[in-house]
$ cat model_23.pdb   # PDB, C-alpha atoms and all ligand atoms
ATOM      1  CA  MET A   1     124.793  10.256  20.121
ATOM      2  CA  GLY A   2     122.155   8.289  18.247
ATOM      3  CA  LYS A   3     121.502   8.160  14.543
ATOM      4  CA  TYR A   4     118.973  10.973  14.541
ATOM      5  CA  LYS A   5     119.292  14.491  15.863
ATOM      6  CA  ARG A   6     115.896  15.898  14.971
ATOM      7  CA  ILE A   7     112.783  13.851  14.255
ATOM      8  CA  LEU A   8     109.203  14.539  13.248
ATOM      9  CA  LEU A   9     106.536  12.307  14.757
ATOM     10  CA  LYS A  10     103.191  11.999  12.973
ATOM     11  CA  LEU A  11     100.354  11.023  15.296
ATOM     12  CA  SER A  12      96.934  10.306  13.849
ATOM     13  CA  GLY A  13      94.004  11.917  15.580
ATOM     14  CA  GLU A  14      92.182   8.609  15.571
ATOM     15  CA  ALA A  15      94.818   7.062  17.819
ATOM     16  CA  LEU A  16      93.883   9.551  20.563
ATOM     17  CA  ALA A  17      90.244   8.427  20.793
ATOM     18  CA  ASN A  18      88.540   5.503  22.430
ATOM     19  CA  THR A  19      84.903   4.423  22.300
ATOM     20  CA  LYS A  20      83.941   6.898  25.045
ATOM     21  CA  ASN A  21      86.238   9.897  24.607
ATOM     22  CA  THR A  22      87.278  12.010  21.650
ATOM     23  CA  ILE A  23      90.588  12.463  23.420
ATOM     24  CA  ASP A  24      91.178   9.605  25.833
ATOM     25  CA  PRO A  25      93.146  10.785  28.901
ATOM     26  CA  ASN A  26      94.715   7.345  29.194
ATOM     27  CA  THR A  27      95.989   7.444  25.611
ATOM     28  CA  LEU A  28      97.204  10.980  26.143
ATOM     29  CA  GLY A  29      99.237   9.603  29.058
ATOM     30  CA  LYS A  30     100.787   7.030  26.748
ATOM     31  CA  VAL A  31     101.619   9.742  24.222
ATOM     32  CA  ILE A  32     103.420  11.654  26.980
ATOM     33  CA  SER A  33     105.456   8.537  27.865
ATOM     34  CA  ILE A  34     106.433   8.166  24.216
ATOM     35  CA  ILE A  35     107.420  11.836  23.980
ATOM     36  CA  GLN A  36     109.436  11.694  27.220
ATOM     37  CA  SER A  37     111.241   8.499  26.236
ATOM     38  CA  ALA A  38     112.146  10.028  22.851
ATOM     39  CA  LEU A  39     113.445  13.198  24.560
ATOM     40  CA  ASP A  40     115.476  10.985  26.917
ATOM     41  CA  GLN A  41     117.307   9.810  23.786
ATOM     42  CA  LYS A  42     118.441  13.405  23.253
ATOM     43  CA  VAL A  43     116.541  13.988  20.032
ATOM     44  CA  GLU A  44     114.781  17.192  19.106
ATOM     45  CA  LEU A  45     111.128  16.417  18.557
ATOM     46  CA  GLY A  46     108.549  17.971  16.269
ATOM     47  CA  ILE A  47     105.033  16.536  16.203
ATOM     48  CA  VAL A  48     102.282  16.771  13.606
ATOM     49  CA  VAL A  49      98.919  15.592  14.856
ATOM     50  CA  GLY A  50      95.880  14.624  12.785
ATOM     51  CA  GLY A  51      92.237  15.353  13.487
ATOM     52  CA  GLY A  52      90.427  12.192  12.393
ATOM     53  CA  ASN A  53      89.074  11.594  15.914
ATOM     54  CA  ILE A  54      87.008  14.778  15.571
ATOM     55  CA  PHE A  55      86.396  15.717  11.931
ATOM     56  CA  ARG A  56      87.551  14.697   8.487
ATOM     57  CA  GLY A  57      86.693  16.911   5.526
ATOM     58  CA  ALA A  58      85.978  14.008   3.179
ATOM     59  CA  ALA A  59      83.506  12.428   5.616
ATOM     60  CA  LEU A  60      81.720  15.763   6.176
ATOM     61  CA  ALA A  61      81.514  16.270   2.400
ATOM     62  CA  GLU A  62      79.819  12.871   2.060
ATOM     63  CA  SER A  63      76.932  14.202   4.120
ATOM     64  CA  GLY A  64      76.641  17.227   1.865
ATOM     65  CA  MET A  65      78.972  19.809   3.381
ATOM     66  CA  ASN A  66      81.183  21.935   1.175
ATOM     67  CA  ARG A  67      84.525  20.117   1.032
ATOM     68  CA  VAL A  68      86.643  23.176   1.719
ATOM     69  CA  THR A  69      84.562  24.028   4.799
ATOM     70  CA  GLY A  70      84.850  20.413   5.926
ATOM     71  CA  ASP A  71      88.610  20.552   5.540
ATOM     72  CA  HIS A  72      88.718  23.773   7.535
ATOM     73  CA  MET A  73      86.854  21.952  10.312
ATOM     74  CA  GLY A  74      89.250  19.014  10.018
ATOM     75  CA  MET A  75      92.221  21.345  10.364
ATOM     76  CA  LEU A  76      90.641  23.074  13.365
ATOM     77  CA  ALA A  77      90.203  19.593  14.874
ATOM     78  CA  THR A  78      93.974  19.070  14.646
ATOM     79  CA  VAL A  79      94.460  22.346  16.549
ATOM     80  CA  MET A  80      92.320  20.980  19.400
ATOM     81  CA  ASN A  81      94.366  17.781  19.500
ATOM     82  CA  ALA A  82      97.600  19.789  19.483
ATOM     83  CA  LEU A  83      96.372  21.899  22.419
ATOM     84  CA  ALA A  84      95.447  18.741  24.353
ATOM     85  CA  ILE A  85      98.877  17.188  23.757
ATOM     86  CA  SER A  86     100.631  20.435  24.636
ATOM     87  CA  ASP A  87      98.638  20.787  27.834
ATOM     88  CA  ALA A  88      99.432  17.198  28.851
ATOM     89  CA  CYS A  89     103.117  17.866  28.095
ATOM     90  CA  LYS A  90     103.120  20.949  30.298
ATOM     91  CA  ARG A  91     101.524  19.032  33.147
ATOM     92  CA  ASN A  92     104.456  16.656  32.822
ATOM     93  CA  LYS A  93     107.075  19.409  32.718
ATOM     94  CA  ILE A  94     107.765  19.029  28.993
ATOM     95  CA  LYS A  95     108.092  22.412  27.303
ATOM     96  CA  THR A  96     106.155  22.903  24.090
ATOM     97  CA  LEU A  97     105.381  25.361  21.357
ATOM     98  CA  VAL A  98     102.155  24.933  19.389
ATOM     99  CA  MET A  99     102.087  26.302  15.853
ATOM    100  CA  SER A 100      99.272  26.376  13.345
ATOM    101  CA  GLY A 101      99.377  26.174   9.547
ATOM    102  CA  PHE A 102      96.912  29.078   9.382
ATOM    103  CA  PRO A 103      96.842  32.097  11.673
ATOM    104  CA  ILE A 104      94.720  31.677  14.789
ATOM    105  CA  GLY A 105      96.065  34.268  17.234
ATOM    106  CA  GLY A 106      94.374  35.234  20.463
ATOM    107  CA  GLY A 107      97.170  33.571  22.397
ATOM    108  CA  VAL A 108      95.908  30.143  21.275
ATOM    109  CA  CYS A 109      98.959  29.260  19.200
ATOM    110  CA  ASP A 110     101.585  30.783  16.941
ATOM    111  CA  PRO A 111     101.605  30.655  13.148
ATOM    112  CA  VAL A 112     104.111  28.210  11.637
ATOM    113  CA  ASP A 113     107.513  29.811  11.294
ATOM    114  CA  HIS A 114     110.361  27.446  10.480
ATOM    115  CA  ASN A 115     113.026  29.649  12.071
ATOM    116  CA  LYS A 116     111.100  30.008  15.328
ATOM    117  CA  ALA A 117     110.344  26.290  15.273
ATOM    118  CA  LYS A 118     114.033  25.377  14.853
ATOM    119  CA  GLN A 119     115.006  27.784  17.607
ATOM    120  CA  ALA A 120     112.442  26.247  19.983
ATOM    121  CA  LEU A 121     113.593  22.725  19.087
ATOM    122  CA  SER A 122     117.193  23.616  19.813
ATOM    123  CA  GLU A 123     116.051  24.884  23.234
ATOM    124  CA  GLY A 124     114.584  21.455  23.933
ATOM    125  CA  LYS A 125     110.950  22.377  23.373
ATOM    126  CA  VAL A 126     108.612  19.964  21.630
ATOM    127  CA  VAL A 127     107.103  21.814  18.687
ATOM    128  CA  ILE A 128     103.576  20.663  17.920
ATOM    129  CA  PHE A 129     102.443  21.628  14.435
ATOM    130  CA  SER A 130      98.696  21.790  13.883
ATOM    131  CA  ALA A 131      96.331  22.559  10.998
ATOM    132  CA  GLY A 132      98.268  20.255   8.664
ATOM    133  CA  THR A 133      99.536  22.173   5.661
ATOM    134  CA  GLY A 134      97.098  25.006   6.404
ATOM    135  CA  SER A 135      95.286  24.347   3.128
ATOM    136  CA  PRO A 136      92.259  22.220   2.249
ATOM    137  CA  CYS A 137      92.539  19.055   0.137
ATOM    138  CA  PHE A 138      95.682  17.863   1.891
ATOM    139  CA  THR A 139      96.214  15.470   4.780
ATOM    140  CA  THR A 140      98.186  15.725   7.955
ATOM    141  CA  ASP A 141     100.603  13.151   6.482
ATOM    142  CA  THR A 142     101.494  15.764   3.883
ATOM    143  CA  GLY A 143     101.617  18.346   6.686
ATOM    144  CA  ALA A 144     104.036  16.079   8.568
ATOM    145  CA  VAL A 145     106.377  15.741   5.616
ATOM    146  CA  LEU A 146     106.206  19.467   4.865
ATOM    147  CA  ARG A 147     107.057  20.447   8.450
ATOM    148  CA  ALA A 148     109.809  17.806   8.572
ATOM    149  CA  ILE A 149     111.403  19.409   5.508
ATOM    150  CA  GLU A 150     111.003  22.889   7.003
ATOM    151  CA  ILE A 151     112.727  21.977  10.261
ATOM    152  CA  ASP A 152     115.400  19.809   8.565
ATOM    153  CA  ALA A 153     114.287  16.668  10.381
ATOM    154  CA  ASP A 154     116.324  13.530   9.746
ATOM    155  CA  ILE A 155     113.279  11.283   9.544
ATOM    156  CA  VAL A 156     109.484  11.173   9.804
ATOM    157  CA  PHE A 157     108.122   8.599  12.243
ATOM    158  CA  LYS A 158     104.623   7.612  11.240
ATOM    159  CA  ALA A 159     102.772   5.958  14.099
ATOM    160  CA  THR A 160     100.199   3.410  12.888
ATOM    161  CA  LYS A 161      98.203   0.491  14.258
ATOM    162  CA  VAL A 162     100.515  -1.997  12.523
ATOM    163  CA  ASP A 163     104.167  -2.409  13.470
ATOM    164  CA  GLY A 164     105.511  -1.682   9.998
ATOM    165  CA  VAL A 165     104.923  -2.306   6.311
ATOM    166  CA  TYR A 166     103.985  -5.885   5.389
ATOM    167  CA  THR A 167     104.174  -7.950   2.209
ATOM    168  CA  ASP A 168     100.386  -8.339   2.492
ATOM    169  CA  ASP A 169      97.629  -7.334   4.937
ATOM    170  CA  PRO A 170      98.755  -9.105   8.143
ATOM    171  CA  MET A 171      95.151  -9.099   9.461
ATOM    172  CA  LYS A 172      93.998 -11.156   6.465
ATOM    173  CA  ASN A 173      97.115 -13.101   5.533
ATOM    174  CA  PRO A 174      98.919 -14.717   8.501
ATOM    175  CA  SER A 175     101.982 -15.522   6.388
ATOM    176  CA  ALA A 176     102.566 -11.823   5.538
ATOM    177  CA  THR A 177     105.998 -10.673   6.678
ATOM    178  CA  ARG A 178     107.262  -7.260   7.756
ATOM    179  CA  TYR A 179     109.801  -5.377   5.651
ATOM    180  CA  GLU A 180     112.672  -4.039   7.766
ATOM    181  CA  ALA A 181     113.686  -1.593   5.065
ATOM    182  CA  LEU A 182     112.442  -0.549   1.652
ATOM    183  CA  SER A 183     113.439   1.956  -0.975
ATOM    184  CA  PHE A 184     110.957   4.564  -2.211
ATOM    185  CA  ASP A 185     111.012   2.850  -5.629
ATOM    186  CA  GLU A 186     110.241  -0.577  -4.133
ATOM    187  CA  ALA A 187     107.330   0.895  -2.175
ATOM    188  CA  ILE A 188     105.890   2.398  -5.373
ATOM    189  CA  GLU A 189     106.560  -0.718  -7.463
ATOM    190  CA  LYS A 190     104.852  -2.960  -4.894
ATOM    191  CA  ASN A 191     102.044  -0.397  -4.550
ATOM    192  CA  LEU A 192     102.436  -0.255  -0.759
ATOM    193  CA  GLN A 193     100.191   2.375   0.803
ATOM    194  CA  ILE A 194     102.561   4.042   3.271
ATOM    195  CA  MET A 195     101.314   7.597   3.093
ATOM    196  CA  ASP A 196      99.037   9.375   0.669
ATOM    197  CA  THR A 197     100.545  10.065  -2.732
ATOM    198  CA  ALA A 198     101.330  13.750  -2.153
ATOM    199  CA  ALA A 199     103.113  13.051   1.155
ATOM    200  CA  PHE A 200     105.040  10.129  -0.271
ATOM    201  CA  ALA A 201     106.117  12.079  -3.371
ATOM    202  CA  LEU A 202     107.377  14.922  -1.181
ATOM    203  CA  CYS A 203     109.443  12.510   0.931
ATOM    204  CA  ARG A 204     110.951  10.920  -2.117
ATOM    205  CA  GLU A 205     111.776  14.225  -3.762
ATOM    206  CA  HIS A 206     113.483  15.500  -0.616
ATOM    207  CA  ASN A 207     115.117  12.202   0.268
ATOM    208  CA  LEU A 208     113.411  12.221   3.633
ATOM    209  CA  GLN A 209     113.300   8.837   5.367
ATOM    210  CA  ILE A 210     110.042   7.496   6.789
ATOM    211  CA  CYS A 211     109.755   4.993   9.604
ATOM    212  CA  VAL A 212     106.393   3.274  10.011
ATOM    213  CA  PHE A 213     105.933   1.819  13.477
ATOM    214  CA  SER A 214     103.285   0.826  15.984
ATOM    215  CA  MET A 215     103.018   3.301  18.784
ATOM    216  CA  LEU A 216     100.539   2.467  21.503
ATOM    217  CA  GLU A 217     101.197  -1.263  22.012
ATOM    218  CA  ASN A 218     104.465  -0.476  23.708
ATOM    219  CA  THR A 219     105.345   3.098  24.601
ATOM    220  CA  ASN A 220     109.067   2.271  24.332
ATOM    221  CA  THR A 221     109.000   1.337  20.658
ATOM    222  CA  LEU A 222     109.989   4.787  19.403
ATOM    223  CA  SER A 223     112.859   5.135  21.895
ATOM    224  CA  ASP A 224     113.974   1.568  21.115
ATOM    225  CA  ILE A 225     114.147   2.463  17.421
ATOM    226  CA  LEU A 226     116.104   5.607  18.328
ATOM    227  CA  LYS A 227     118.529   3.371  20.251
ATOM    228  CA  GLY A 228     118.991   1.264  17.100
ATOM    229  CA  ALA A 229     116.429  -1.545  17.454
ATOM    230  CA  SER A 230     115.111  -2.885  14.158
ATOM    231  CA  LEU A 231     111.415  -2.370  14.765
ATOM    232  CA  GLY A 232     109.024  -0.959  12.197
ATOM    233  CA  THR A 233     109.895  -0.403   8.550
ATOM    234  CA  ILE A 234     112.264   2.250   7.234
ATOM    235  CA  ILE A 235     111.659   3.638   3.762
ATOM    236  CA  SER A 236     114.596   5.542   2.351
TER     237      SER A 236
HETATM  238  N1  LIG B 301      93.195  18.659   6.564
HETATM  239  C1  LIG B 301      93.301  19.575   5.526
HETATM  240  N2  LIG B 301      94.551  19.984   5.131
HETATM  241  C2  LIG B 301      95.688  19.506   5.700
HETATM  242  C3  LIG B 301      95.568  18.560   6.734
HETATM  243  C4  LIG B 301      94.316  18.158   7.145
HETATM  244  O1  LIG B 301      92.305  20.031   4.979
HETATM  245  O2  LIG B 301      96.779  19.922   5.298
HETATM  246  C5  LIG B 301      91.845  18.284   7.056
HETATM  247  C6  LIG B 301      91.211  17.164   6.266
HETATM  248  O3  LIG B 301      89.818  17.412   6.196
HETATM  249  C7  LIG B 301      91.483  15.953   7.128
HETATM  250  C8  LIG B 301      91.366  16.523   8.515
HETATM  251  O4  LIG B 301      91.932  17.827   8.394
HETATM  252  O5  LIG B 301      90.565  14.911   6.923
HETATM  253  C9  LIG B 301      92.061  15.747   9.612
HETATM  254  O6  LIG B 301      93.351  15.353   9.188
HETATM  255  P1  LIG B 301      93.715  13.816   8.877
HETATM  256  O7  LIG B 301      92.565  13.138   8.221
HETATM  257  O8  LIG B 301      95.008  13.795   8.146
HETATM  258  O9  LIG B 301      93.891  13.263  10.334
HETATM  259  P2  LIG B 301      94.334  11.808  10.837
HETATM  260  O10 LIG B 301      93.826  10.795   9.837
HETATM  261  O11 LIG B 301      95.816  11.799  10.901
HETATM  262  O12 LIG B 301      93.704  11.712  12.194
END

$ encode --input "model_23.pdb" --output "structure tokens" --more "lines below"
Ligand code: UDP
Amino acid sequence: MGKYKRILLKLSGEALANTKNTIDPNTLGKVISIIQSALDQKVELGIVVGGGNIFRGAALAESGMNRVTGDHMGMLATVMNALAISDACKRNKIKTLVMSGFPIGGGVCDPVDHNKAKQALSEGKVVIFSAGTGSPCFTTDTGAVLRAIEIDADIVFKATKVDGVYTDDPMKNPSATRYEALSFDEAIEKNLQIMDTAAFALCREHNLQICVFSMLENTNTLSDILKGASLGTIIS
């Protein structure tokens, strides 16, 4: 058996979009490959998905909307993404359970319940958590850490555009190098922006490891890390 038994994968909403589609079917296909290859490594998989491809509360507030209303719309956006991922999973014979941080009902999805989530995970279902924390003024990164703690995940995998945490911005500084591992204290001391402050503080307090990795370049990266490859950056 590998190092991890149960993992939480944080997918940003933005990663699902392309210039034409809010949810790009091609990208959704890649997400399914990533999910399947992780399941092939015999891990239990929880997913928290963002909503940035549809709405972000802060951006809506900039154009005058009430921030709380904007955040509600942002959270509803994550529910749409979760339904799209769940539907794509089902089409590929991957069983799922979609939960929401606030009650939605109507057969759309279930409210978050950590016991039901753990039960579903142990039955091999992928549990997709939507609506972040269920409260405004938070991010789905914080939602990811919160759900990871609730389901006793061994680690949070944060999928980003960059393949880890670098000494400097690798886009601007070609001599920047990737950290293989970092401690929470080092990340704070070096002021490395890994997750927002609330999410990062929660991880540190609960001793929950984070792995930052690049997802879409190669759909095997997550499963390679699960097999023990040193890709990405682990903060512990
Ligand atoms: N959001 C919120 N509370 C949460 C999580 C998310 O209010 O616990 C709202 C917030 O407006 C945020 C939006 O939902 O901008 C989409 O989430 P996020 O920006 O984290 O998505 P991502 O950047 O991962 O696509």

$ closest_atom_pairs --input "model_23.pdb" --of "range 32-80 of chain A" --to "range 197-220 of chain A" --cutoff "10 Å" --atoms "all atoms listed in the file" --output "JSON lines"
{"residue": "A:Ile32", "atom": "CA", "partner": "A:Thr219", "partner_atom": "CA", "distance": 9.1}
{"residue": "A:Ser33", "atom": "CA", "partner": "A:Thr219", "partner_atom": "CA", "distance": 6.3}
{"residue": "A:Ile34", "atom": "CA", "partner": "A:Thr219", "partner_atom": "CA", "distance": 5.2}
{"residue": "A:Ile35", "atom": "CA", "partner": "A:Thr219", "partner_atom": "CA", "distance": 9.0}
{"residue": "A:Gln36", "atom": "CA", "partner": "A:Asn220", "partner_atom": "CA", "distance": 9.9}
{"residue": "A:Ser37", "atom": "CA", "partner": "A:Asn220", "partner_atom": "CA", "distance": 6.9}
{"residue": "A:Ala38", "atom": "CA", "partner": "A:Asn220", "partner_atom": "CA", "distance": 8.5}

$ resolve_selection --input "model_23.pdb" --expression "the PyMOL selection byres (((chain A and resi 159) around 10) and not hetatm)" --output "list of chain:residue names"
A:Leu9, A:Lys10, A:Leu11, A:Ser12, A:Ala15, A:Val156, A:Phe157, A:Lys158, A:Thr160, A:Lys161, A:Val162, A:Asp163, A:Gly164, A:Cys211, A:Val212, A:Phe213, A:Ser214, A:Met215, A:Leu216, A:Leu222, A:Gly232

$ resolve_selection --input "model_23.pdb" --expression "the PyMOL selection byres (((chain A and resi 14) around 12) and not hetatm)" --output "VMD selection string"
chain A and resid 10 to 13 15 to 19 21 to 24 27 to 28 49 to 56 77 to 78 81 159 to 161 216

$ atom_distance --input "model_23.pdb" --atom1 "atom C7 of ligand LIG 301 (chain B)" --atom2 "CA of Val126 in chain A"
22.8 Å

$ resolve_selection --input "model_23.pdb" --expression "the PyMOL selection byres (((not hetatm)) within 6 of (chain B and resi 301))" --output "ChimeraX atom specification"
/A:12-14,50-53,56-58,70-72,74-75,131-141,143

$ decode --input "model_23.pdb" --residues "range 113-124 of chain A" --atoms "all heavy atoms" --output "PDB file, in the first residue's frame"
ATOM      1  N   ASP A 113     -21.862  15.981   5.473  1.00  0.00           N
ATOM      2  CA  ASP A 113     -21.982  15.195   6.696  1.00  0.00           C
ATOM      3  C   ASP A 113     -20.727  14.335   6.736  1.00  0.00           C
ATOM      4  O   ASP A 113     -20.540  13.479   5.867  1.00  0.00           O
ATOM      5  CB  ASP A 113     -23.261  14.342   6.603  1.00  0.00           C
ATOM      6  CG  ASP A 113     -23.439  13.414   7.796  1.00  0.00           C
ATOM      7  OD1 ASP A 113     -22.431  12.855   8.279  1.00  0.00           O
ATOM      8  OD2 ASP A 113     -24.594  13.227   8.225  1.00  0.00           O
ATOM      9  N   HIS A 114     -19.863  14.581   7.723  1.00  0.00           N
ATOM     10  CA  HIS A 114     -18.554  13.909   7.681  1.00  0.00           C
ATOM     11  C   HIS A 114     -18.670  12.394   7.826  1.00  0.00           C
ATOM     12  O   HIS A 114     -17.899  11.656   7.218  1.00  0.00           O
ATOM     13  CB  HIS A 114     -17.573  14.516   8.686  1.00  0.00           C
ATOM     14  CG  HIS A 114     -17.885  14.213  10.115  1.00  0.00           C
ATOM     15  ND1 HIS A 114     -18.923  14.812  10.786  1.00  0.00           N
ATOM     16  CD2 HIS A 114     -17.309  13.377  10.985  1.00  0.00           C
ATOM     17  CE1 HIS A 114     -18.946  14.355  12.018  1.00  0.00           C
ATOM     18  NE2 HIS A 114     -17.982  13.468  12.171  1.00  0.00           N
ATOM     19  N   ASN A 115     -19.672  11.934   8.595  1.00  0.00           N
ATOM     20  CA  ASN A 115     -19.827  10.481   8.739  1.00  0.00           C
ATOM     21  C   ASN A 115     -20.265   9.836   7.429  1.00  0.00           C
ATOM     22  O   ASN A 115     -19.722   8.806   7.027  1.00  0.00           O
ATOM     23  CB  ASN A 115     -20.835  10.163   9.844  1.00  0.00           C
ATOM     24  CG  ASN A 115     -20.220  10.387  11.221  1.00  0.00           C
ATOM     25  OD1 ASN A 115     -19.056  10.032  11.451  1.00  0.00           O
ATOM     26  ND2 ASN A 115     -20.974  10.998  12.113  1.00  0.00           N
ATOM     27  N   LYS A 116     -21.253  10.472   6.782  1.00  0.00           N
ATOM     28  CA  LYS A 116     -21.720   9.936   5.488  1.00  0.00           C
ATOM     29  C   LYS A 116     -20.614  10.011   4.444  1.00  0.00           C
ATOM     30  O   LYS A 116     -20.483   9.120   3.603  1.00  0.00           O
ATOM     31  CB  LYS A 116     -22.955  10.713   5.000  1.00  0.00           C
ATOM     32  CG  LYS A 116     -24.219  10.307   5.722  1.00  0.00           C
ATOM     33  CD  LYS A 116     -25.442  10.980   5.100  1.00  0.00           C
ATOM     34  CE  LYS A 116     -26.671  10.706   5.953  1.00  0.00           C
ATOM     35  NZ  LYS A 116     -27.722  11.713   5.792  1.00  0.00           N
ATOM     36  N   ALA A 117     -19.828  11.072   4.514  1.00  0.00           N
ATOM     37  CA  ALA A 117     -18.727  11.228   3.546  1.00  0.00           C
ATOM     38  C   ALA A 117     -17.704  10.104   3.744  1.00  0.00           C
ATOM     39  O   ALA A 117     -17.282   9.463   2.785  1.00  0.00           O
ATOM     40  CB  ALA A 117     -18.062  12.594   3.716  1.00  0.00           C
ATOM     41  N   LYS A 118     -17.351   9.836   4.999  1.00  0.00           N
ATOM     42  CA  LYS A 118     -16.343   8.790   5.274  1.00  0.00           C
ATOM     43  C   LYS A 118     -16.863   7.416   4.865  1.00  0.00           C
ATOM     44  O   LYS A 118     -16.124   6.599   4.343  1.00  0.00           O
ATOM     45  CB  LYS A 118     -15.935   8.817   6.748  1.00  0.00           C
ATOM     46  CG  LYS A 118     -15.016   9.999   7.059  1.00  0.00           C
ATOM     47  CD  LYS A 118     -14.328   9.841   8.377  1.00  0.00           C
ATOM     48  CE  LYS A 118     -15.105  10.491   9.478  1.00  0.00           C
ATOM     49  NZ  LYS A 118     -14.365  10.624  10.724  1.00  0.00           N
ATOM     50  N   GLN A 119     -18.146   7.198   5.111  1.00  0.00           N
ATOM     51  CA  GLN A 119     -18.760   5.932   4.713  1.00  0.00           C
ATOM     52  C   GLN A 119     -18.679   5.758   3.199  1.00  0.00           C
ATOM     53  O   GLN A 119     -18.262   4.706   2.698  1.00  0.00           O
ATOM     54  CB  GLN A 119     -20.232   5.915   5.193  1.00  0.00           C
ATOM     55  CG  GLN A 119     -21.025   4.676   4.802  1.00  0.00           C
ATOM     56  CD  GLN A 119     -20.461   3.396   5.430  1.00  0.00           C
ATOM     57  OE1 GLN A 119     -19.966   3.412   6.555  1.00  0.00           O
ATOM     58  NE2 GLN A 119     -20.510   2.288   4.682  1.00  0.00           N
ATOM     59  N   ALA A 120     -19.044   6.817   2.467  1.00  0.00           N
ATOM     60  CA  ALA A 120     -19.016   6.758   0.994  1.00  0.00           C
ATOM     61  C   ALA A 120     -17.587   6.532   0.498  1.00  0.00           C
ATOM     62  O   ALA A 120     -17.358   5.740  -0.421  1.00  0.00           O
ATOM     63  CB  ALA A 120     -19.589   8.047   0.413  1.00  0.00           C
ATOM     64  N   LEU A 121     -16.633   7.212   1.121  1.00  0.00           N
ATOM     65  CA  LEU A 121     -15.226   7.046   0.707  1.00  0.00           C
ATOM     66  C   LEU A 121     -14.785   5.600   0.903  1.00  0.00           C
ATOM     67  O   LEU A 121     -14.124   5.024   0.038  1.00  0.00           O
ATOM     68  CB  LEU A 121     -14.317   7.985   1.522  1.00  0.00           C
ATOM     69  CG  LEU A 121     -14.430   9.474   1.192  1.00  0.00           C
ATOM     70  CD1 LEU A 121     -13.788  10.315   2.294  1.00  0.00           C
ATOM     71  CD2 LEU A 121     -13.780   9.793  -0.149  1.00  0.00           C
ATOM     72  N   SER A 122     -15.183   5.034   2.035  1.00  0.00           N
ATOM     73  CA  SER A 122     -14.753   3.656   2.308  1.00  0.00           C
ATOM     74  C   SER A 122     -15.423   2.663   1.354  1.00  0.00           C
ATOM     75  O   SER A 122     -14.944   1.555   1.174  1.00  0.00           O
ATOM     76  CB  SER A 122     -15.008   3.284   3.776  1.00  0.00           C
ATOM     77  OG  SER A 122     -16.397   3.187   3.973  1.00  0.00           O
ATOM     78  N   GLU A 123     -16.528   3.087   0.733  1.00  0.00           N
ATOM     79  CA  GLU A 123     -17.176   2.239  -0.289  1.00  0.00           C
ATOM     80  C   GLU A 123     -16.604   2.497  -1.678  1.00  0.00           C
ATOM     81  O   GLU A 123     -17.118   2.004  -2.667  1.00  0.00           O
ATOM     82  CB  GLU A 123     -18.690   2.532  -0.310  1.00  0.00           C
ATOM     83  CG  GLU A 123     -19.412   2.060   0.940  1.00  0.00           C
ATOM     84  CD  GLU A 123     -20.821   2.668   1.069  1.00  0.00           C
ATOM     85  OE1 GLU A 123     -21.254   3.429   0.180  1.00  0.00           O
ATOM     86  OE2 GLU A 123     -21.471   2.380   2.101  1.00  0.00           O
ATOM     87  N   GLY A 124     -15.575   3.324  -1.746  1.00  0.00           N
ATOM     88  CA  GLY A 124     -14.908   3.573  -3.023  1.00  0.00           C
ATOM     89  C   GLY A 124     -15.516   4.698  -3.842  1.00  0.00           C
ATOM     90  O   GLY A 124     -15.143   4.915  -4.993  1.00  0.00           O
TER      91      GLY A 124
END
